[in-house]
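Q: What follows is data-v9.txt, made up of compact mmCIF, C-alpha atoms and all ligand atoms:
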```txt
# COMPACT_ATOMS: atom_id res chain seq x y z
CA MET A 471 -95.34 5.85 -102.85
CA ILE A 472 -91.94 4.89 -101.47
CA GLU A 473 -90.75 1.35 -102.16
CA LEU A 474 -88.31 0.43 -99.37
CA TYR A 475 -85.75 -2.33 -99.84
CA THR A 476 -84.46 -3.25 -96.42
CA TRP A 477 -83.52 -5.86 -93.84
CA GLY A 478 -83.44 -5.91 -90.03
CA THR A 479 -80.10 -4.15 -89.58
CA PRO A 480 -79.24 -0.64 -88.32
CA ASN A 481 -78.73 0.78 -91.82
CA GLY A 482 -82.14 -0.50 -92.89
CA LYS A 483 -83.90 0.74 -89.76
CA LYS A 484 -82.63 4.29 -90.32
CA VAL A 485 -84.90 4.56 -93.35
CA SER A 486 -88.01 2.93 -91.87
CA VAL A 487 -87.68 5.22 -88.81
CA MET A 488 -87.38 8.24 -91.14
CA LEU A 489 -90.42 7.18 -93.18
CA GLU A 490 -92.44 6.77 -89.99
CA GLU A 491 -91.27 10.18 -88.70
CA VAL A 492 -92.18 12.07 -91.88
CA GLY A 493 -95.39 10.09 -92.45
CA LEU A 494 -94.81 9.07 -96.07
CA PRO A 495 -96.59 5.86 -97.16
CA TYR A 496 -94.26 3.01 -98.08
CA ASN A 497 -94.13 -0.63 -99.10
CA VAL A 498 -91.50 -2.90 -97.55
CA HIS A 499 -89.50 -5.27 -99.77
CA PRO A 500 -87.36 -7.53 -97.58
CA ILE A 501 -83.88 -8.16 -99.03
CA ARG A 502 -82.54 -11.23 -97.20
CA ILE A 503 -78.86 -10.33 -97.08
CA GLY A 504 -77.97 -13.67 -95.48
CA GLU A 505 -79.48 -15.43 -98.49
CA GLY A 506 -77.76 -13.19 -101.08
CA ASP A 507 -80.83 -11.28 -102.35
CA GLN A 508 -78.64 -8.15 -102.55
CA PHE A 509 -76.64 -9.70 -105.41
CA LYS A 510 -79.62 -10.45 -107.66
CA PRO A 511 -79.50 -8.54 -110.98
CA ASP A 512 -82.86 -6.82 -110.40
CA TYR A 513 -81.67 -5.49 -107.05
CA ILE A 514 -78.30 -4.34 -108.44
CA LYS A 515 -80.29 -2.07 -110.78
CA ILE A 516 -81.60 -0.33 -107.63
CA ASN A 517 -78.39 -0.49 -105.58
CA PRO A 518 -75.25 -1.06 -107.67
CA ASN A 519 -73.34 -1.58 -104.39
CA SER A 520 -75.44 -4.66 -103.42
CA LYS A 521 -76.31 -3.49 -99.90
CA ILE A 522 -79.46 -2.49 -98.07
CA PRO A 523 -81.15 -0.04 -97.77
CA ALA A 524 -82.42 1.44 -101.02
CA ILE A 525 -85.64 3.16 -102.02
CA ILE A 526 -87.61 3.88 -105.15
CA ASP A 527 -89.76 6.99 -104.96
CA THR A 528 -92.43 6.46 -107.59
CA GLU A 529 -93.07 10.22 -107.54
CA GLY A 530 -89.57 11.63 -107.56
CA PRO A 531 -88.34 14.95 -108.96
CA GLY A 532 -90.45 16.08 -111.92
CA GLY A 533 -93.02 13.41 -111.02
CA LYS A 534 -90.70 10.68 -112.36
CA PRO A 535 -89.60 7.56 -110.44
CA ILE A 536 -86.15 7.73 -108.86
CA SER A 537 -84.09 5.06 -107.08
CA ILE A 538 -81.66 5.99 -104.31
CA PHE A 539 -79.04 3.96 -102.41
CA GLU A 540 -76.75 4.85 -99.45
CA SER A 541 -78.73 5.46 -96.27
CA GLY A 542 -77.33 8.98 -95.75
CA ALA A 543 -78.38 10.02 -99.25
CA ILE A 544 -81.83 8.51 -98.68
CA LEU A 545 -82.26 10.44 -95.41
CA ILE A 546 -81.24 13.73 -97.06
CA TYR A 547 -83.58 13.03 -99.99
CA LEU A 548 -86.55 12.30 -97.72
CA ALA A 549 -85.78 15.33 -95.53
CA GLU A 550 -85.68 17.60 -98.58
CA LYS A 551 -88.79 16.02 -100.12
CA THR A 552 -90.84 16.59 -96.97
CA GLY A 553 -89.14 19.68 -95.52
CA LYS A 554 -88.73 17.79 -92.23
CA LEU A 555 -85.82 16.80 -89.96
CA MET A 556 -83.06 18.77 -91.68
CA ALA A 557 -82.87 22.46 -90.81
CA ARG A 558 -82.94 24.92 -93.72
CA GLU A 559 -81.01 27.68 -91.98
CA PRO A 560 -77.47 27.35 -93.43
CA ALA A 561 -75.47 26.99 -90.18
CA LEU A 562 -77.89 24.42 -88.73
CA ARG A 563 -78.20 22.62 -92.07
CA ILE A 564 -74.45 22.02 -92.31
CA GLU A 565 -74.40 20.99 -88.63
CA THR A 566 -76.99 18.34 -89.50
CA ILE A 567 -74.95 17.13 -92.47
CA GLU A 568 -71.77 17.16 -90.35
CA TRP A 569 -73.27 14.82 -87.71
CA LEU A 570 -74.90 12.69 -90.39
CA MET A 571 -71.47 12.22 -92.00
CA PHE A 572 -69.98 11.46 -88.58
CA GLN A 573 -72.42 8.56 -88.43
CA MET A 574 -71.88 7.47 -92.05
CA GLY A 575 -68.08 7.60 -91.93
CA GLY A 576 -67.48 6.76 -88.26
CA VAL A 577 -70.24 5.21 -86.18
CA GLY A 578 -71.62 2.86 -88.84
CA PRO A 579 -68.38 1.44 -90.23
CA MET A 580 -66.56 1.22 -86.87
CA PHE A 581 -69.43 -0.28 -84.86
CA GLY A 582 -70.00 -2.64 -87.78
CA GLN A 583 -66.38 -3.79 -87.65
CA ALA A 584 -66.63 -4.21 -83.88
CA HIS A 585 -69.67 -6.45 -84.39
CA HIS A 586 -67.75 -8.45 -86.96
CA PHE A 587 -64.70 -9.04 -84.75
CA LEU A 588 -66.70 -9.61 -81.57
CA ARG A 589 -69.46 -11.81 -82.98
CA GLN A 590 -68.81 -13.13 -86.49
CA VAL A 591 -65.17 -14.14 -86.90
CA LYS A 592 -64.61 -17.88 -87.09
CA GLU A 593 -61.20 -17.65 -85.38
CA PRO A 594 -60.82 -15.20 -82.45
CA ASN A 595 -58.92 -12.13 -83.62
CA PRO A 596 -57.81 -10.08 -80.59
CA TYR A 597 -56.16 -7.39 -82.75
CA GLY A 598 -59.33 -6.67 -84.74
CA ALA A 599 -61.57 -6.91 -81.68
CA GLU A 600 -59.43 -4.47 -79.71
CA ARG A 601 -58.94 -2.04 -82.58
CA TYR A 602 -62.65 -1.64 -83.29
CA THR A 603 -63.99 -1.79 -79.72
CA LYS A 604 -61.46 0.92 -78.78
CA GLU A 605 -62.57 3.11 -81.68
CA THR A 606 -66.21 2.42 -80.85
CA ARG A 607 -65.68 3.60 -77.27
CA ARG A 608 -63.84 6.67 -78.53
CA LEU A 609 -66.83 7.52 -80.73
CA TYR A 610 -69.16 7.10 -77.74
CA GLY A 611 -66.93 9.59 -75.92
CA VAL A 612 -67.32 12.09 -78.78
CA MET A 613 -71.11 11.65 -78.73
CA ASN A 614 -71.25 11.87 -74.95
CA ALA A 615 -69.35 15.17 -74.96
CA ARG A 616 -71.52 16.57 -77.75
CA LEU A 617 -74.75 15.48 -76.08
CA GLY A 618 -73.62 17.13 -72.85
CA GLU A 619 -73.82 20.45 -74.74
CA VAL A 620 -76.92 20.03 -76.91
CA PRO A 621 -80.04 17.83 -76.67
CA TYR A 622 -79.55 16.20 -80.08
CA LEU A 623 -76.49 15.60 -82.23
CA ALA A 624 -77.24 18.52 -84.55
CA SER A 625 -78.85 20.61 -81.79
CA GLU A 626 -82.41 19.84 -83.01
CA TYR A 627 -83.83 16.36 -83.53
CA SER A 628 -82.82 15.47 -87.10
CA ILE A 629 -81.71 12.89 -89.64
CA ALA A 630 -78.35 12.80 -87.81
CA ASP A 631 -80.08 11.26 -84.78
CA ILE A 632 -82.16 8.94 -86.95
CA ALA A 633 -78.97 7.66 -88.62
CA THR A 634 -77.17 7.10 -85.31
CA TYR A 635 -79.92 5.69 -83.07
CA PRO A 636 -80.19 2.22 -84.69
CA TRP A 637 -76.43 1.73 -84.27
CA VAL A 638 -76.44 2.70 -80.58
CA TRP A 639 -79.48 0.39 -80.22
CA ARG A 640 -76.94 -2.43 -80.76
CA TYR A 641 -74.84 -1.30 -77.76
CA GLU A 642 -74.84 -4.78 -76.26
CA TRP A 643 -73.34 -6.20 -79.45
CA HIS A 644 -70.33 -3.86 -79.21
CA LYS A 645 -70.15 -4.39 -75.45
CA VAL A 646 -70.78 -0.80 -74.37
CA ASP A 647 -72.45 -0.06 -71.04
CA LEU A 648 -74.58 3.03 -71.66
CA ALA A 649 -74.29 3.92 -67.94
CA GLU A 650 -70.69 4.95 -68.74
CA PHE A 651 -71.99 7.48 -71.28
CA PRO A 652 -74.90 9.19 -69.47
CA ASN A 653 -75.54 11.88 -72.07
CA VAL A 654 -75.77 9.22 -74.80
CA LYS A 655 -78.14 7.26 -72.55
CA ARG A 656 -80.38 10.30 -72.03
CA TRP A 657 -80.48 10.88 -75.81
CA PHE A 658 -81.03 7.17 -76.55
CA ASP A 659 -83.97 6.96 -74.14
CA ALA A 660 -85.55 10.16 -75.51
CA ILE A 661 -85.38 8.92 -79.09
CA GLY A 662 -86.52 5.42 -78.18
CA ALA A 663 -89.64 6.90 -76.56
CA ARG A 664 -90.82 8.41 -79.86
CA PRO A 665 -93.76 6.39 -81.29
CA ALA A 666 -92.51 6.81 -84.89
CA VAL A 667 -89.11 5.45 -83.90
CA GLN A 668 -90.74 2.48 -82.17
CA ARG A 669 -92.76 1.70 -85.31
CA GLY A 670 -89.79 2.14 -87.67
CA MET A 671 -87.51 -0.06 -85.57
CA LYS A 672 -89.94 -3.00 -86.07
CA VAL A 673 -89.43 -2.96 -89.88
CA PRO A 674 -89.18 -5.44 -91.52
CA SER A 675 -91.59 -7.29 -89.25
N1 LIG B 701 -72.95 2.83 -96.46
C1 LIG B 701 -74.06 1.94 -96.69
C2 LIG B 701 -73.85 0.68 -95.91
C3 LIG B 701 -74.93 -0.33 -96.18
C4 LIG B 701 -74.60 -1.68 -95.56
O1 LIG B 701 -73.45 -1.96 -95.16
N2 LIG B 701 -75.61 -2.56 -95.50
C5 LIG B 701 -75.39 -3.89 -94.98
C6 LIG B 701 -76.43 -4.22 -93.92
S1 LIG B 701 -76.33 -3.12 -92.53
C7 LIG B 701 -75.57 -4.90 -96.11
O2 LIG B 701 -76.41 -4.72 -96.96
N3 LIG B 701 -74.75 -5.97 -96.10
C8 LIG B 701 -74.84 -7.00 -97.08
C9 LIG B 701 -73.51 -7.33 -97.69
O3 LIG B 701 -72.51 -6.70 -97.32
O4 LIG B 701 -73.47 -8.22 -98.55
C10 LIG B 701 -75.36 2.64 -96.29
O5 LIG B 701 -75.33 3.37 -95.29
O6 LIG B 701 -76.39 2.48 -96.97
```
Spit out the file's structure as structure tokens when you get a sec.

A:
Amino acid sequence: MIELYTWGTPNGKKVSVMLEEVGLPYNVHPIRIGEGDQFKPDYIKINPNSKIPAIIDTEGPGGKPISIFESGAILIYLAEKTGKLMAREPALRIETIEWLMFQMGGVGPMFGQAHHFLRQVKEPNPYGAERYTKETRRLYGVMNARLGEVPYLASEYSIADIATYPWVWRYEWHKVDLAEFPNVKRWFDAIGARPAVQRGMKVPS
């Protein structure tokens, strides 16, 4: 059984979408990040970085329980555990990891900062808002060019798409019009039509 510690944010939804895609049974443990649940000592034992998501696999390597934090690490772990959604052929495997890291180091942090400066700052901060919306649009340009060449970020549907989709799903928050990025829109609609993605995006209910 997978114990999933999550909340209704893009990083959390990556893991529930993945679990739905690979068909592993899981229990949801909501971590209310607005209430500070992520700082409770019991949760810090699971994620020393006090963020969601995290998982415990009660049947990890060698049949022993294992806890994992960082959404990219969780996606790789679940892909390797199930043999799904990360190619094994070396060139395609590194392509998958490459686009997963593009999400982890670029899309997630930059879109997240754009959300902060556009929606959460108490005092308007034009410098921060411009810096991160500009970088967000640049990243959309990179994805749009890539998705004009291949159907999915790492050629085949993979954990790279699962990591990126929930962030693009917030396009209105970072004030991007998907019509300006038609290849991203085509990809977004294709992924959003998958029943497993629709189920995973509703977690936690
Ligand atoms: N790199 C981390 C980022 C996780 C992250 O930033 N989670 C946010 C929610 S999307 C969080 O838990 N925020 C609570 C806080 O910062 O206190 C991952 O991908 O797992």

Q: What does the list of residues within 6 Å of ligand LIG 701 (chain B) look like if you count all atoms listed in the file, written as a list in words?

A: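 My answer, listing the contacting residues, is Thr479, Pro480, Asn481, Ile503, Lys521, Ile522, Pro523, Glu540, Ser541 and Gly542 of chain A.
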
Q: Rounded to one decimal in Å, what is the spacing between CA of Val646 (chain A) and CA of Pro594 (chain A)?

A: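 According to the coordinates, CA of Val646 (chain A) and CA of Pro594 (chain A) are separated by 19.3 Å.
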
Q: Would you list the residues near (-64.5, 11.3, -86.2) (no more than 12 Å away, in the coordinates of the file, using all atoms listed in the file) as a PDB file with C-alpha atoms, in the coordinates of the input?

A:
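File produced: selection_19.pdb:
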```pdb
ATOM      1  CA  GLU A 568     -71.770  17.160 -90.350  1.00  0.00           C
ATOM      2  CA  TRP A 569     -73.270  14.820 -87.710  1.00  0.00           C
ATOM      3  CA  LEU A 570     -74.900  12.690 -90.390  1.00  0.00           C
ATOM      4  CA  MET A 571     -71.470  12.220 -92.000  1.00  0.00           C
ATOM      5  CA  PHE A 572     -69.980  11.460 -88.580  1.00  0.00           C
ATOM      6  CA  GLN A 573     -72.420   8.560 -88.430  1.00  0.00           C
ATOM      7  CA  MET A 574     -71.880   7.470 -92.050  1.00  0.00           C
ATOM      8  CA  GLY A 575     -68.080   7.600 -91.930  1.00  0.00           C
ATOM      9  CA  GLY A 576     -67.480   6.760 -88.260  1.00  0.00           C
ATOM     10  CA  VAL A 577     -70.240   5.210 -86.180  1.00  0.00           C
ATOM     11  CA  GLY A 578     -71.620   2.860 -88.840  1.00  0.00           C
ATOM     12  CA  PRO A 579     -68.380   1.440 -90.230  1.00  0.00           C
ATOM     13  CA  MET A 580     -66.560   1.220 -86.870  1.00  0.00           C
ATOM     14  CA  GLU A 605     -62.570   3.110 -81.680  1.00  0.00           C
ATOM     15  CA  THR A 606     -66.210   2.420 -80.850  1.00  0.00           C
ATOM     16  CA  ARG A 607     -65.680   3.600 -77.270  1.00  0.00           C
ATOM     17  CA  ARG A 608     -63.840   6.670 -78.530  1.00  0.00           C
ATOM     18  CA  LEU A 609     -66.830   7.520 -80.730  1.00  0.00           C
ATOM     19  CA  TYR A 610     -69.160   7.100 -77.740  1.00  0.00           C
ATOM     20  CA  GLY A 611     -66.930   9.590 -75.920  1.00  0.00           C
ATOM     21  CA  VAL A 612     -67.320  12.090 -78.780  1.00  0.00           C
ATOM     22  CA  MET A 613     -71.110  11.650 -78.730  1.00  0.00           C
TER      23      MET A 613
END
```

Q: May I ask for the distance between CA of Lys510 (chain A) and CA of Trp477 (chain A), given in Å to one decimal place?

A: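 Interatomic distance here is 15.1 Å.
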
Q: Applying 10 Å and all atoms listed in the file, which residues near region 631-637 of chain A remain after dropping the ones on its own chain fewer than 2 positions away? List them as a short mmCIF file (atom, residue, chain, number, x, y, z; two decimals) with C-alpha atoms, in the coordinates of the input.

A:
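The file below, out36.cif, is the result:
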```cif
data_model
loop_
_atom_site.label_atom_id
_atom_site.label_comp_id
_atom_site.auth_asym_id
_atom_site.auth_seq_id
_atom_site.Cartn_x
_atom_site.Cartn_y
_atom_site.Cartn_z
CA THR A 479 -80.10 -4.15 -89.58
CA PRO A 480 -79.24 -0.64 -88.32
CA ASN A 481 -78.73 0.78 -91.82
CA GLY A 482 -82.14 -0.50 -92.89
CA LYS A 483 -83.90 0.74 -89.76
CA LYS A 484 -82.63 4.29 -90.32
CA VAL A 485 -84.90 4.56 -93.35
CA SER A 486 -88.01 2.93 -91.87
CA VAL A 487 -87.68 5.22 -88.81
CA MET A 488 -87.38 8.24 -91.14
CA GLU A 491 -91.27 10.18 -88.70
CA SER A 541 -78.73 5.46 -96.27
CA GLY A 542 -77.33 8.98 -95.75
CA LEU A 545 -82.26 10.44 -95.41
CA LEU A 555 -85.82 16.80 -89.96
CA THR A 566 -76.99 18.34 -89.50
CA TRP A 569 -73.27 14.82 -87.71
CA LEU A 570 -74.90 12.69 -90.39
CA MET A 571 -71.47 12.22 -92.00
CA PHE A 572 -69.98 11.46 -88.58
CA GLN A 573 -72.42 8.56 -88.43
CA MET A 574 -71.88 7.47 -92.05
CA VAL A 577 -70.24 5.21 -86.18
CA GLY A 578 -71.62 2.86 -88.84
CA PHE A 581 -69.43 -0.28 -84.86
CA GLY A 582 -70.00 -2.64 -87.78
CA TYR A 622 -79.55 16.20 -80.08
CA LEU A 623 -76.49 15.60 -82.23
CA ALA A 624 -77.24 18.52 -84.55
CA SER A 625 -78.85 20.61 -81.79
CA GLU A 626 -82.41 19.84 -83.01
CA TYR A 627 -83.83 16.36 -83.53
CA SER A 628 -82.82 15.47 -87.10
CA ILE A 629 -81.71 12.89 -89.64
CA TRP A 639 -79.48 0.39 -80.22
CA ARG A 640 -76.94 -2.43 -80.76
CA TYR A 641 -74.84 -1.30 -77.76
CA TRP A 643 -73.34 -6.20 -79.45
CA HIS A 644 -70.33 -3.86 -79.21
CA VAL A 654 -75.77 9.22 -74.80
CA TRP A 657 -80.48 10.88 -75.81
CA PHE A 658 -81.03 7.17 -76.55
CA ASP A 659 -83.97 6.96 -74.14
CA ILE A 661 -85.38 8.92 -79.09
CA GLY A 662 -86.52 5.42 -78.18
CA VAL A 667 -89.11 5.45 -83.90
CA MET A 671 -87.51 -0.06 -85.57
#
```

Q: Name the closest residue to Arg616 (chain A) among the candidates A:Tyr597, A:Phe651, A:Phe587, A:Tyr475; distances are taken between atoms, counting only C-alpha atoms.

A: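 Of the candidates, the smallest distance to Arg616 (chain A) is held by A:Phe651.
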
Q: Pick from A:Arg669, A:Phe509, A:Asn614, A:Ile516: nearest to Leu648 (chain A), with all atoms listed in the file counted?

A: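 Closest residue, counting all atoms listed in the file: A:Asn614.
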
Q: Which is closest to Thr603 (chain A) among A:Asn517, A:Lys645, A:Leu617, A:Val591, if we use all atoms listed in the file?

A: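 Of the candidates, the smallest distance to Thr603 (chain A) is held by A:Lys645.
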
Q: Go ahead and compute the interatomic distance for CA of Tyr513 (chain A) and CA of Ala666 (chain A), in Å to one decimal.

A: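 If I compute the distance from CA of Tyr513 (chain A) to CA of Ala666 (chain A), I get 27.6 Å.
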
Q: Which residues are close to Glu529 (chain A), i.e. within 12 Å by only C-alpha atoms, leaving aside same-chain residues fewer than 5 positions away? Reply as a list in words.

A: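 Residues near the query, excluding close chain neighbours: Met471, Ile472, Glu473, Leu494, Pro495, Tyr496, Lys534, Pro535, Ile536, Ser537, Leu548 and Lys551 of chain A.
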
Q: Tell me which of A:Gly533, A:Ile526, A:Ala630, A:Asn653 sits closest to Ala557 (chain A), counting all atoms listed in the file.

A: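 Closest candidate: A:Ala630.
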
Q: Pick out the closest residue to Lys554 (chain A) from this set: A:Val673, A:Val620, A:Leu474, A:Val492. Count all atoms listed in the file.

A: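 Closest to Lys554 (chain A) of all the choices is A:Val492.
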
Q: Using only C-alpha atoms, which of the listed residues (A:Thr476, A:Gly504, A:Ile567, A:Tyr602) sits closest to Ile546 (chain A)?

A: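 Nearest candidate to Ile546 (chain A) out of A:Thr476, A:Gly504, A:Ile567, A:Tyr602: A:Ile567.
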